[in-house]
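What follows is run29.txt (compact mmCIF, C-alpha atoms).
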```
# COMPACT_ATOMS: atom_id res chain seq x y z
CA MET A 152 18.49 -3.38 14.41
CA LYS A 153 18.44 -7.17 14.72
CA HIS A 154 21.09 -9.02 12.71
CA GLN A 155 20.19 -11.61 10.11
CA VAL A 156 20.31 -15.29 11.10
CA THR A 157 23.64 -16.78 10.02
CA ILE A 158 25.28 -20.20 10.01
CA LYS A 159 27.24 -19.08 13.08
CA ASP A 160 23.97 -18.44 14.93
CA LEU A 161 22.71 -21.92 14.11
CA ALA A 162 26.00 -23.49 15.15
CA LYS A 163 26.12 -21.61 18.45
CA GLN A 164 22.53 -22.51 19.37
CA LEU A 165 23.07 -26.20 18.56
CA ASN A 166 26.56 -26.26 20.10
CA VAL A 167 28.14 -27.70 16.96
CA SER A 168 30.73 -26.38 14.53
CA VAL A 169 30.00 -24.00 11.66
CA THR A 170 31.36 -26.64 9.29
CA THR A 171 28.84 -29.19 10.61
CA VAL A 172 25.96 -26.78 10.07
CA SER A 173 27.19 -25.88 6.58
CA ARG A 174 27.50 -29.54 5.57
CA ALA A 175 24.05 -30.36 7.00
CA LEU A 176 22.44 -27.49 5.08
CA ARG A 177 24.10 -28.67 1.88
CA ASP A 178 22.98 -32.27 2.57
CA LEU A 179 26.54 -33.60 2.48
CA PRO A 180 27.51 -37.04 3.85
CA ASP A 181 29.31 -37.76 7.14
CA ILE A 182 26.66 -35.90 9.19
CA HIS A 183 24.62 -37.89 11.68
CA PRO A 184 20.91 -37.95 10.66
CA ASP A 185 19.84 -36.58 14.06
CA THR A 186 22.30 -33.68 13.74
CA LYS A 187 21.16 -32.96 10.21
CA LYS A 188 17.52 -32.95 11.32
CA ALA A 189 18.29 -30.61 14.23
CA VAL A 190 20.08 -28.17 11.91
CA LEU A 191 17.29 -28.18 9.32
CA ASP A 192 14.57 -27.82 11.98
CA LEU A 193 16.30 -24.84 13.59
CA ALA A 194 17.01 -23.26 10.20
CA ALA A 195 13.31 -23.50 9.35
CA GLU A 196 12.25 -22.16 12.77
CA LEU A 197 14.56 -19.12 12.53
CA ASP A 198 13.84 -18.69 8.80
CA TYR A 199 17.51 -18.91 7.88
CA GLN A 200 18.07 -17.86 4.24
CA PRO A 201 21.26 -19.11 2.58
CA ASN A 202 23.05 -16.62 0.36
CA VAL A 203 20.47 -13.96 1.15
CA LEU A 204 21.47 -11.41 3.78
CA ALA A 205 24.70 -13.13 4.70
CA THR A 206 27.23 -12.35 7.39
CA SER A 207 29.11 -10.06 5.04
CA LEU A 208 26.12 -7.73 5.02
CA VAL A 209 26.40 -7.29 8.76
CA LYS A 210 30.06 -6.32 8.40
CA SER A 211 29.84 -4.16 5.26
CA LYS A 212 26.68 -2.31 4.27
CA THR A 213 25.33 -2.29 0.72
CA LYS A 214 23.68 1.14 1.15
CA THR A 215 20.81 -0.14 -1.00
CA LEU A 216 17.08 0.09 -0.29
CA GLY A 217 14.31 -1.97 -1.85
CA LEU A 218 11.03 -0.49 -3.06
CA VAL A 219 7.87 -2.46 -3.87
CA VAL A 220 4.99 -0.56 -5.50
CA PRO A 221 1.82 -1.76 -7.25
CA ASP A 222 2.15 0.12 -10.54
CA LEU A 223 4.41 2.96 -11.68
CA GLY A 224 1.83 3.78 -14.34
CA TYR A 225 -0.10 5.57 -11.59
CA HIS A 226 0.93 9.18 -11.08
CA PHE A 227 0.51 8.58 -7.33
CA PHE A 228 3.15 5.83 -7.17
CA SER A 229 5.55 7.31 -9.72
CA THR A 230 5.64 10.63 -7.85
CA ILE A 231 6.26 8.95 -4.50
CA THR A 232 8.94 6.73 -6.08
CA LYS A 233 10.76 9.80 -7.35
CA ALA A 234 10.66 11.34 -3.87
CA ILE A 235 11.98 8.09 -2.31
CA GLU A 236 14.88 7.98 -4.77
CA GLU A 237 15.79 11.60 -4.12
CA ALA A 238 15.67 11.21 -0.33
CA ALA A 239 17.73 8.00 -0.51
CA LEU A 240 20.36 9.56 -2.79
CA LYS A 241 20.66 12.52 -0.43
CA ALA A 242 21.37 10.09 2.43
CA GLY A 243 23.93 8.13 0.39
CA TYR A 244 21.69 5.19 -0.52
CA SER A 245 20.51 3.77 -3.84
CA VAL A 246 17.08 2.22 -4.52
CA LEU A 247 16.10 -0.99 -6.32
CA ILE A 248 12.56 -0.48 -7.66
CA THR A 249 10.07 -3.29 -8.31
CA GLN A 250 6.42 -3.36 -9.40
CA THR A 251 3.84 -5.98 -8.46
CA GLN A 252 1.28 -5.00 -11.13
CA GLU A 253 -1.25 -5.64 -8.33
CA SER A 254 -0.21 -9.31 -8.11
CA TYR A 255 0.41 -11.06 -4.78
CA GLU A 256 2.64 -13.64 -6.48
CA ARG A 257 4.79 -10.91 -8.03
CA GLU A 258 5.01 -9.24 -4.64
CA LEU A 259 6.52 -12.44 -3.20
CA ILE A 260 8.95 -12.75 -6.12
CA ASN A 261 9.97 -9.09 -5.93
CA ILE A 262 10.76 -9.32 -2.22
CA GLN A 263 12.86 -12.46 -2.74
CA ASN A 264 14.76 -10.73 -5.55
CA LEU A 265 15.40 -7.70 -3.34
CA LEU A 266 16.73 -9.95 -0.58
CA ARG A 267 19.07 -11.66 -3.04
CA SER A 268 20.30 -8.20 -3.98
CA GLN A 269 21.13 -7.66 -0.29
CA VAL A 270 19.00 -4.59 0.29
CA GLU A 271 19.20 -3.22 3.81
CA GLY A 272 15.52 -2.37 4.14
CA ILE A 273 12.27 -2.32 2.17
CA VAL A 274 9.60 0.32 1.54
CA ILE A 275 6.34 -1.24 0.34
CA SER A 276 2.80 -0.45 -0.74
CA LEU A 277 0.86 -3.71 -0.94
CA SER A 278 -0.74 -5.14 -4.06
CA ARG A 279 -4.54 -5.21 -4.03
CA GLU A 280 -4.40 -9.05 -4.12
CA THR A 281 -2.39 -9.27 -0.90
CA LYS A 282 -4.44 -10.80 1.91
CA ASN A 283 -1.79 -13.07 3.43
CA PHE A 284 1.04 -11.24 5.22
CA ASP A 285 3.25 -14.21 6.14
CA HIS A 286 6.02 -13.05 3.79
CA LEU A 287 6.16 -9.70 5.62
CA ILE A 288 6.12 -11.32 9.04
CA ARG A 289 9.08 -13.45 7.94
CA LEU A 290 10.94 -10.30 6.90
CA GLN A 291 10.49 -8.85 10.35
CA LYS A 292 11.53 -12.07 12.08
CA ARG A 293 14.87 -11.96 10.31
CA GLY A 294 15.30 -8.31 11.31
CA MET A 295 14.67 -6.68 7.93
CA PRO A 296 13.67 -3.01 8.37
CA LEU A 297 10.26 -2.42 6.80
CA VAL A 298 8.19 0.70 6.10
CA PHE A 299 4.68 0.77 4.62
CA PHE A 300 3.11 3.65 2.75
CA ASP A 301 -0.45 4.08 1.49
CA ARG A 302 -1.63 0.44 1.47
CA ASN A 303 -0.45 -1.36 4.59
CA ALA A 304 -0.89 -4.48 6.70
CA GLU A 305 -2.74 -3.02 9.67
CA ASP A 306 -1.81 -5.83 12.09
CA ILE A 307 1.94 -5.67 11.40
CA HIS A 308 3.93 -3.54 13.85
CA ALA A 309 6.12 -1.54 11.48
CA SER A 310 6.68 2.08 10.52
CA LYS A 311 3.96 3.49 8.28
CA VAL A 312 3.41 6.73 6.38
CA MET A 313 -0.25 7.34 5.64
CA VAL A 314 -2.79 10.06 5.10
CA ASP A 315 -5.95 10.22 7.20
CA ASN A 316 -8.15 8.49 4.64
CA GLU A 317 -11.21 8.39 6.87
CA VAL A 318 -11.15 12.13 7.55
CA SER A 319 -10.44 12.86 3.87
CA ALA A 320 -13.46 10.81 2.75
CA TYR A 321 -15.61 12.39 5.44
CA GLU A 322 -14.74 15.85 4.11
CA ALA A 323 -15.34 14.76 0.51
CA ALA A 324 -18.80 13.36 1.28
CA LYS A 325 -19.62 16.36 3.49
CA HIS A 326 -18.74 18.67 0.61
CA LEU A 327 -21.30 16.94 -1.64
CA ILE A 328 -23.96 17.03 1.08
CA ASP A 329 -23.28 20.70 1.80
CA ASN A 330 -23.68 21.37 -1.94
CA GLY A 331 -27.18 19.93 -1.92
CA CYS A 332 -26.74 16.20 -2.61
CA LYS A 333 -29.45 14.05 -1.00
CA ARG A 334 -28.37 10.60 -2.25
CA VAL A 335 -24.59 10.16 -2.09
CA ALA A 336 -23.05 6.98 -3.48
CA PHE A 337 -19.57 5.56 -2.91
CA VAL A 338 -17.53 3.73 -5.54
CA ALA A 339 -15.01 1.74 -3.51
CA GLY A 340 -12.05 -0.41 -4.46
CA SER A 341 -11.29 -3.99 -3.46
CA THR A 342 -12.54 -5.00 0.00
CA ASN A 343 -9.05 -6.12 1.09
CA VAL A 344 -7.38 -2.77 0.28
CA SER A 345 -7.05 -0.87 3.59
CA VAL A 346 -7.13 2.57 1.94
CA SER A 347 -10.49 1.87 0.28
CA ASN A 348 -11.99 0.53 3.50
CA GLN A 349 -10.84 3.60 5.45
CA ARG A 350 -12.37 5.93 2.86
CA LEU A 351 -15.61 3.95 2.93
CA GLU A 352 -15.78 4.43 6.72
CA GLY A 353 -15.26 8.17 6.31
CA TYR A 354 -18.10 8.31 3.78
CA LYS A 355 -20.42 6.42 6.13
CA ARG A 356 -19.50 8.68 9.03
CA ALA A 357 -20.40 11.76 6.98
CA LEU A 358 -23.80 10.31 6.13
CA ARG A 359 -24.50 9.45 9.76
CA ALA A 360 -23.41 12.93 10.87
CA HIS A 361 -25.99 14.44 8.50
CA GLN A 362 -28.78 12.01 9.49
CA MET A 363 -28.70 10.35 6.08
CA LYS A 364 -29.49 6.65 5.68
CA ILE A 365 -26.63 4.35 4.62
CA ASP A 366 -28.06 2.51 1.62
CA ASP A 367 -26.09 -0.58 0.54
CA LYS A 368 -27.39 -0.10 -3.02
CA LEU A 369 -25.35 3.12 -3.16
CA ILE A 370 -22.07 1.40 -2.21
CA ILE A 371 -20.32 -0.51 -4.99
CA HIS A 372 -16.93 -2.22 -5.01
CA SER A 373 -14.83 -2.15 -8.17
CA ASP A 374 -11.41 -3.30 -9.28
CA TYR A 375 -9.22 -0.48 -10.52
CA PHE A 376 -10.10 -0.80 -14.20
CA GLN A 377 -11.98 1.93 -16.02
CA ASP A 378 -14.24 -0.48 -17.91
CA THR A 379 -15.47 -1.97 -14.65
CA ALA A 380 -16.24 1.49 -13.30
CA ILE A 381 -18.27 2.27 -16.44
CA GLN A 382 -20.27 -0.94 -16.12
CA LEU A 383 -20.95 -0.50 -12.40
CA THR A 384 -21.98 3.13 -12.86
CA HIS A 385 -24.61 2.06 -15.41
CA GLN A 386 -25.95 -0.38 -12.79
CA LEU A 387 -25.82 2.29 -10.08
CA MET A 388 -27.80 4.80 -12.11
CA ALA A 389 -30.41 2.16 -13.02
CA ILE A 390 -31.59 1.65 -9.43
CA LYS A 391 -34.71 3.25 -8.05
CA ASN A 392 -33.76 6.67 -6.63
CA PRO A 393 -30.26 6.88 -8.18
CA PRO A 394 -27.58 9.05 -6.56
CA ASP A 395 -27.15 12.76 -7.12
CA GLY A 396 -23.62 12.70 -5.71
CA ILE A 397 -20.79 10.15 -5.96
CA VAL A 398 -17.58 9.82 -3.94
CA VAL A 399 -15.07 7.75 -5.94
CA VAL A 400 -12.09 6.01 -4.33
CA SER A 401 -9.60 7.07 -7.05
CA ASP A 402 -9.33 9.43 -10.01
CA ARG A 403 -8.90 6.60 -12.51
CA LEU A 404 -12.22 5.12 -11.47
CA ALA A 405 -13.75 8.61 -11.42
CA VAL A 406 -12.96 8.99 -15.13
CA GLY A 407 -14.84 5.74 -15.78
CA VAL A 408 -17.78 6.97 -13.69
CA MET A 409 -17.89 10.22 -15.68
CA LEU A 410 -17.72 8.42 -19.04
CA ALA A 411 -20.68 6.28 -17.99
CA LEU A 412 -22.69 9.32 -16.89
CA LYS A 413 -21.98 11.00 -20.24
CA GLN A 414 -23.15 7.85 -22.04
CA LEU A 415 -26.35 8.08 -20.00
CA GLN A 416 -26.61 11.80 -20.83
CA VAL A 417 -26.50 12.66 -17.11
CA LYS A 418 -25.21 16.18 -16.60
CA ILE A 419 -22.22 16.76 -14.29
CA PRO A 420 -22.51 18.56 -11.87
CA GLU A 421 -26.11 19.63 -12.46
CA GLN A 422 -27.60 16.15 -11.97
CA VAL A 423 -24.74 14.27 -10.33
CA LYS A 424 -21.78 15.77 -8.48
CA ILE A 425 -18.48 13.90 -8.16
CA VAL A 426 -15.51 14.01 -5.78
CA SER A 427 -12.52 11.69 -6.11
CA PHE A 428 -9.07 10.99 -4.62
CA ASN A 429 -5.39 11.44 -5.59
CA ASN A 430 -5.62 14.67 -7.60
CA GLU A 431 -3.88 13.19 -10.65
CA PRO A 432 -3.03 15.53 -13.56
CA ILE A 433 -6.04 14.28 -15.55
CA CYS A 434 -8.37 15.91 -12.99
CA SER A 435 -7.62 19.40 -14.29
CA VAL A 436 -7.71 18.62 -18.03
CA ILE A 437 -10.83 16.46 -18.35
CA SER A 438 -14.17 18.21 -18.89
CA PRO A 439 -15.77 18.84 -16.51
CA SER A 440 -12.66 18.98 -14.30
CA ILE A 441 -12.75 16.67 -11.26
CA SER A 442 -12.78 17.76 -7.63
CA SER A 443 -10.23 15.53 -5.92
CA VAL A 444 -8.43 14.99 -2.62
CA ALA A 445 -4.74 15.87 -2.97
CA GLN A 446 -2.15 14.00 -0.90
CA PRO A 447 1.36 15.29 -0.03
CA LEU A 448 3.11 12.75 -2.27
CA GLU A 449 6.65 14.11 -2.00
CA THR A 450 6.36 14.23 1.79
CA ILE A 451 5.09 10.64 1.90
CA GLY A 452 8.11 9.42 -0.08
CA LYS A 453 10.59 11.51 1.90
CA LEU A 454 9.24 10.43 5.30
CA ALA A 455 9.07 6.74 4.34
CA THR A 456 12.72 6.83 3.25
CA GLU A 457 13.88 8.71 6.35
CA LEU A 458 12.08 6.28 8.67
CA LEU A 459 13.62 3.29 6.88
CA ILE A 460 17.15 4.70 7.02
CA GLU A 461 16.69 5.69 10.66
CA GLN A 462 15.78 2.07 11.45
CA ILE A 463 18.69 0.68 9.40
CA GLU A 464 21.21 2.92 11.14
CA SER A 465 19.73 2.60 14.64
CA LYS A 466 22.20 1.25 17.17
CA THR A 467 19.41 0.24 19.56
CA ASP A 468 16.01 -1.43 19.23
CA PHE A 469 14.01 0.76 16.87
CA GLU A 470 10.42 1.56 17.82
CA PRO A 471 8.25 1.74 14.65
CA GLN A 472 6.58 5.08 13.99
CA VAL A 473 3.30 5.90 12.27
CA ARG A 474 3.06 9.25 10.49
CA VAL A 475 -0.43 10.39 9.46
CA LEU A 476 -0.47 13.33 7.06
CA LYS A 477 -3.21 15.79 6.14
CA THR A 478 -4.84 16.07 2.72
CA GLU A 479 -6.47 18.92 0.79
CA LEU A 480 -9.75 18.81 -1.13
CA VAL A 481 -9.13 20.58 -4.45
CA LEU A 482 -12.48 21.85 -5.74
CA ARG A 483 -13.23 21.86 -9.47
CA GLU A 484 -16.24 21.76 -11.81
CA SER A 485 -17.48 18.22 -11.04
CA SER A 486 -18.85 19.22 -7.63
CA ARG A 487 -19.73 22.83 -8.29
CA ARG A 488 -22.96 24.06 -6.74
CA ASP A 489 -25.69 24.49 -9.37
```

Rewrite the structure of this file - the entire thing - as structure tokens.
Amino acid sequence: MKHQVTIKDLAKQLNVSVTTVSRALRDLPDIHPDTKKAVLDLAAELDYQPNVLATSLVKSKTKTLGLVVPDLGYHFFSTITKAIEEAALKAGYSVLITQTQESYERELINIQNLLRSQVEGIVISLSRETKNFDHLIRLQKRGMPLVFFDRNAEDIHASKVMVDNEVSAYEAAKHLIDNGCKRVAFVAGSTNVSVSNQRLEGYKRALRAHQMKIDDKLIIHSDYFQDTAIQLTHQLMAIKNPPDGIVVVSDRLAVGVMLALKQLQVKIPEQVKIVSFNNEPICSVISPSISSVAQPLETIGKLATELLIEQIESKTDFEPQVRVLKTELVLRESSRRD
């Protein structure tokens, strides 16, 4: 594990005293302007953070992990959070939990707060607004161990715990086709959420494998609000040749899709069959019950925590690992064959 940039590092690289660097950073007098500029330039280049992961952290560990999740109101994230806490506690660590509420700005604030709390590593699932990854690149530059789960920055070389979203969506779409659907739609999430994009690719692959045309009118992108899903489903069913099967990117959106179909007096599954993702508890209690792709949530949380702690405690350069887990399609009434 790389150590965090300290005042001593700056002083050594510039061949000046620690006191000189400290005074320059605090903008105190009696420092030559050229020296002050050199200190500030190097501090910016190395992303030195005063009073954040200071030298004391290198000498004495805090045994604290940081967790950044979009929304604990989702069964998916709350279950994984519980598993992360349990795995951390078992290993002698505590966890500071933050929520972004799907906001990029809150993601930045949460990470800064975790750094001020001197966490030793961070587990994160990105907000759906996050398109710029500079804050995560800076974390890595200063040697902060980082593990992604579910939503990740694909271009960042870090440990990741995922499910095979493309294969899962392929199997979901194939199930509808095998059950007689001729026009299968896909209700996707935001275009900058990696999970949604992977599931969309799996859906397309299933259509191509069954010689079915990919019709852009059958692919709609939604935010993660139920009202939006209701509105978009009304639009989807109003097109010429509406779908007789729908793959939905998440259970919460699937509930909105089903409410819209009921408003339109479209029978499920007789006229339209539905398959969704996440297998939240609501899937089994709503009528008709929803067929949904179940993910190994406890395993995701446990693996993410173990990978982070392994990196924190590594005595040598740690090579990031990507773990891809299998899912299970849980069949219920919404996709039942007529």

Atom pair CA of Thr215 in chain A + CA of Ala304 in chain A, distance 23.4 Å

Find, counting all atoms listed in the file, the residue in A:Ala238, A:Ile419, A:Ile307, A:Val270 that gets nearest to Asp285 in chain A.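 Ranking A:Ala238, A:Ile419, A:Ile307, A:Val270 by distance to Asp285 in chain A, first place goes to A:Ile307.
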
The distance between CA of Asp181 in chain A and CA of Val169 in chain A is 14.5 Å

Discussion item. Let me make sure I understand: among A:Val400, A:Leu161, A:Ile425, A:Met388, which one has the smallest atom-to-atom distance to Ser341 in chain A if we use only C-alpha atoms?
Written reply: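 The shortest atom-to-atom distance to Ser341 in chain A comes from A:Val400.
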
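Residues lying within 7 Å of (-10.3, 24.7, -10.2). Counted over all atoms listed in the file, they are Leu482, Arg483 and Glu484 of chain A.
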
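Summary of the local environment: counting only C-alpha atoms, residues at most 10 Å from range 433-436 of chain A, other than itself and those fewer than 4 positions away along its chain, are His226, Asp402, Arg403, Ala405, Val406, Ser427, Phe428, Asn429, Ser440, Ile441, Ser442, Ser443, Val481, Arg483, Glu484 and Ser485 of chain A.
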
Residues near Leu287 in chain A, anyone? I mean within 10 Å using all atoms listed in the file, not counting same-chain ones fewer than 2 positions away, as a PDB file with C-alpha atoms, keeping the file's coordinate frame.
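Generated file (part04.pdb):
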```pdb
ATOM      1  CA  LEU A 259       6.520 -12.440  -3.200  1.00  0.00           C
ATOM      2  CA  ILE A 262      10.760  -9.320  -2.220  1.00  0.00           C
ATOM      3  CA  ILE A 275       6.340  -1.240   0.340  1.00  0.00           C
ATOM      4  CA  ASN A 283      -1.790 -13.070   3.430  1.00  0.00           C
ATOM      5  CA  PHE A 284       1.040 -11.240   5.220  1.00  0.00           C
ATOM      6  CA  ASP A 285       3.250 -14.210   6.140  1.00  0.00           C
ATOM      7  CA  ARG A 289       9.080 -13.450   7.940  1.00  0.00           C
ATOM      8  CA  LEU A 290      10.940 -10.300   6.900  1.00  0.00           C
ATOM      9  CA  GLN A 291      10.490  -8.850  10.350  1.00  0.00           C
ATOM     10  CA  LYS A 292      11.530 -12.070  12.080  1.00  0.00           C
ATOM     11  CA  MET A 295      14.670  -6.680   7.930  1.00  0.00           C
ATOM     12  CA  LEU A 297      10.260  -2.420   6.800  1.00  0.00           C
ATOM     13  CA  ALA A 304      -0.890  -4.480   6.700  1.00  0.00           C
ATOM     14  CA  ILE A 307       1.940  -5.670  11.400  1.00  0.00           C
TER      15      ILE A 307
END
```

Check: Between A:Val335, A:Ile248, A:Ile397, A:Ala194, which has the minimum distance to Ser229 in chain A (counting all atoms listed in the file)?
Finding: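 Going through A:Val335, A:Ile248, A:Ile397, A:Ala194 one by one, the smallest distance to Ser229 in chain A is for A:Ile248.
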
May I have the residues at most 12 Å from (-5.9, -4.6, -16.8) in the file's coordinates, counting all atoms listed in the file, as a ChimeraX atom specification?
-> /A:222,224,252-254,374-379

Residues within 9 Å of range 459-463 of chain A, please, as a compact mmCIF listing (two decimals) with C-alpha atoms, keeping the file's coordinate frame. Count only C-alpha atoms; anything in the same chain fewer than 2 positions from it doesn't count.
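To be explicit, this is the file written out as around03.txt:
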```
# COMPACT_ATOMS: atom_id res chain seq x y z
CA MET A 152 18.49 -3.38 14.41
CA LEU A 216 17.08 0.09 -0.29
CA ALA A 239 17.73 8.00 -0.51
CA ALA A 242 21.37 10.09 2.43
CA TYR A 244 21.69 5.19 -0.52
CA GLU A 271 19.20 -3.22 3.81
CA GLY A 272 15.52 -2.37 4.14
CA ILE A 273 12.27 -2.32 2.17
CA VAL A 274 9.60 0.32 1.54
CA MET A 295 14.67 -6.68 7.93
CA PRO A 296 13.67 -3.01 8.37
CA LEU A 297 10.26 -2.42 6.80
CA VAL A 298 8.19 0.70 6.10
CA SER A 310 6.68 2.08 10.52
CA LEU A 454 9.24 10.43 5.30
CA ALA A 455 9.07 6.74 4.34
CA THR A 456 12.72 6.83 3.25
CA GLU A 457 13.88 8.71 6.35
CA SER A 465 19.73 2.60 14.64
CA LYS A 466 22.20 1.25 17.17
CA ASP A 468 16.01 -1.43 19.23
CA PHE A 469 14.01 0.76 16.87
CA GLU A 470 10.42 1.56 17.82
CA PRO A 471 8.25 1.74 14.65
```

Any idea what's packed within 8 Å of range 317-326 of chain A, counting only C-alpha atoms, ignoring anything in its chain fewer than 4 positions away? Could you give it as JSON, numbers by chain? {"A": [330, 335, 349, 350, 351, 352, 353, 354, 355, 356, 357, 358, 398, 426, 427, 444, 478, 479, 480]}

Rounded to one decimal, what separation in Å do you get between CA of Val219 in chain A and CA of Asn430 in chain A?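 These atoms are spaced 22.1 Å apart.
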
**Asked** Using only C-alpha atoms, which of the listed residues (A:Val312, A:Val417, A:Leu193, A:Met363) sits closest to Lys163 in chain A?
**Response**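 For Lys163 in chain A, the nearest of the candidates is A:Leu193.
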
Select, from A:Ile370, A:Leu265, A:Met313, A:Ile437, the residue with the minimum atom-to-atom distance to Arg474 in chain A, counting all atoms listed in the file.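 Distance minimum relative to Arg474 in chain A lands on A:Met313.
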
Min atom-atom distance to Leu448 in chain A from the set A:Asn316, A:Gln472, A:Thr249, A:Thr230, counting only C-alpha atoms, belongs to A:Thr230

Asp178 in chain A: which residues within 10 Å, counting only C-alpha atoms, same-chain residues fewer than 4 positions away excluded, as an MDAnalysis selection string? chainID A and resid 172:174 182 187 191
